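K.L.:
Sharing a structure here in structure tokens format.
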Amino acid sequence: MQTILNTPDAPAHDAFVEKKSEFIGDACHIDSLDEALAFVETIREQHPKSRHVAYAAVCGGSDGRMTERMSDDGEPSGTAGKPILDVLRQNGLTDCVVAVTRYFGGILLGSGGLIRAYSTGASIAVKAAKLARIVPCKRYAVRLEYPQLAQFQRLLADCDGLADDEAYTDRVALRAAVPADRADDFEARVRETFNASVTPEPLDTVNRPVAL
């Protein structure tokens with residue numbers, strides 16, 4: 001699976017004209033379908049004179065199942081939201097939303113023309129986006145002495161890992177996420193490097209985007 005890295009305040013963006021109607025595609029990352037709806041409303045506010053703002057969104061649940069939402073926004077049923085959703089599915093995308101805004105140019109496109117236009121609007125937005133693979137990662141809780149921190153950070157980077165939730169008191173406490181296929185190597189290298197004075201405590205497995 002893949003996701004889009006562009007944020008709602010700086011979405012991927014592109015546009016084209018078909019028979020005098022302008023179609024504008026915007027795409028961004030979301031963590032929930034509520035965030036998708038909020039993004040679409042932002043697009044509507046940016047284009048108050050547009051005729052339609054159709055969209056589709058896909059979000060992966062914590063149970064691994066996908067949830068989807070789409071809207072034709074007044075276009076004939078199945079001619080706007082569904083073509084946008086099909087683009088997301090065909091690209092294996094999750095945790096993202098694509099909105100396609102239409103400024104009507106006075107020429108009717110027909111059902112087939114609308115489907116092609118909204119599909120193209122979604123495709124050019126995805127093409128303009130920064131994409132990332134969704135990688136299963138194993139998370140750890142780690143406690144370090146301050147002199148150990150720099151060496152641990154280098155080791156973590158060598159294993160394609162990331163650290164977050166850092167807390168600095170008498171020691172350093174953090175969470176580390178390492179791609180699942182590097183987890184055994186990471187644990188072995190920590191033991192070897194720190195002579196068992198640092199023991200990563202396994203927490204859970206999460207999905208994390210890794211830029212392509």
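Chain lettering (A, B, ...) mirrors the order of the structure tokens, residue numbering begins at 1 for each chain separately, and ligand numbering begins at 1 in order of display.
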Set out as a tab-separated table a contact list for stretch 32-141 of chain A and stretch 171-177 of chain A with a cut-off of 8 Å, giving each residue of stretch 32-141 of chain A that qualifies its closest atom pair and distance in Å to one decimal, counting only C-alpha atoms, ordered by chain and rising residue number.
P.N.:
```
residue	atom	partner	partner_atom	distance
A:Cys137	CA	A:Ala177	CA	5.8
A:Lys138	CA	A:Ala177	CA	5.6
A:Arg139	CA	A:Ala177	CA	4.3
A:Tyr140	CA	A:Ala176	CA	5.1
A:Ala141	CA	A:Arg175	CA	4.7
```
K.L.:
What's around stretch 77-82 of chain A at 10 Å? Count only C-alpha atoms, leave out sequence neighbours fewer than 3 positions away in its own chain, and write the answer as an MDAnalysis selection string.
P.N.:
chainID A and resid 52:57 69:74 85:88 98:100 110:119 121:122
K.L.:
Would you pick out the contacts of stretch 193-210 of chain A at 9 Å or less, using only C-alpha atoms, so that residues sharing its chain but fewer than 6 positions from it are not included, and give the list as a ChimeraX atom specification?
P.N.:
/A:2-5,62,131-145,148,151-152,155,176-177,179-180,187
K.L.:
In Å to one decimal, how far is atom CA of A:Cys96 from atom CA of A:Leu37?
P.N.:
11.2 Å
K.L.:
So, with only C-alpha atoms as the atoms that count, which of A:Gly161, A:Pro147, A:Gly92, A:Gly105 lies closest to A:Val58?
P.N.:
A:Gly92
K.L.:
Assign secondary structure with DSSP using the backbone only, and return the residues of stretch 88-174 of chain A in strand (DSSP E) as JSON, numbers by chain.
P.N.:
{"A": [96, 97, 98, 99, 100, 101, 102, 103, 131, 132, 133, 134, 135, 136, 137, 138, 139, 140, 141, 142, 143, 144, 162, 163, 164, 165, 166, 167, 168, 172, 173, 174]}
K.L.:
Which residues come within 6 Å of A:Ala125, counting only C-alpha atoms, excluding same-chain residues fewer than 5 positions away, as a ChimeraX atom specification?
P.N.:
/A:12-14,25-27
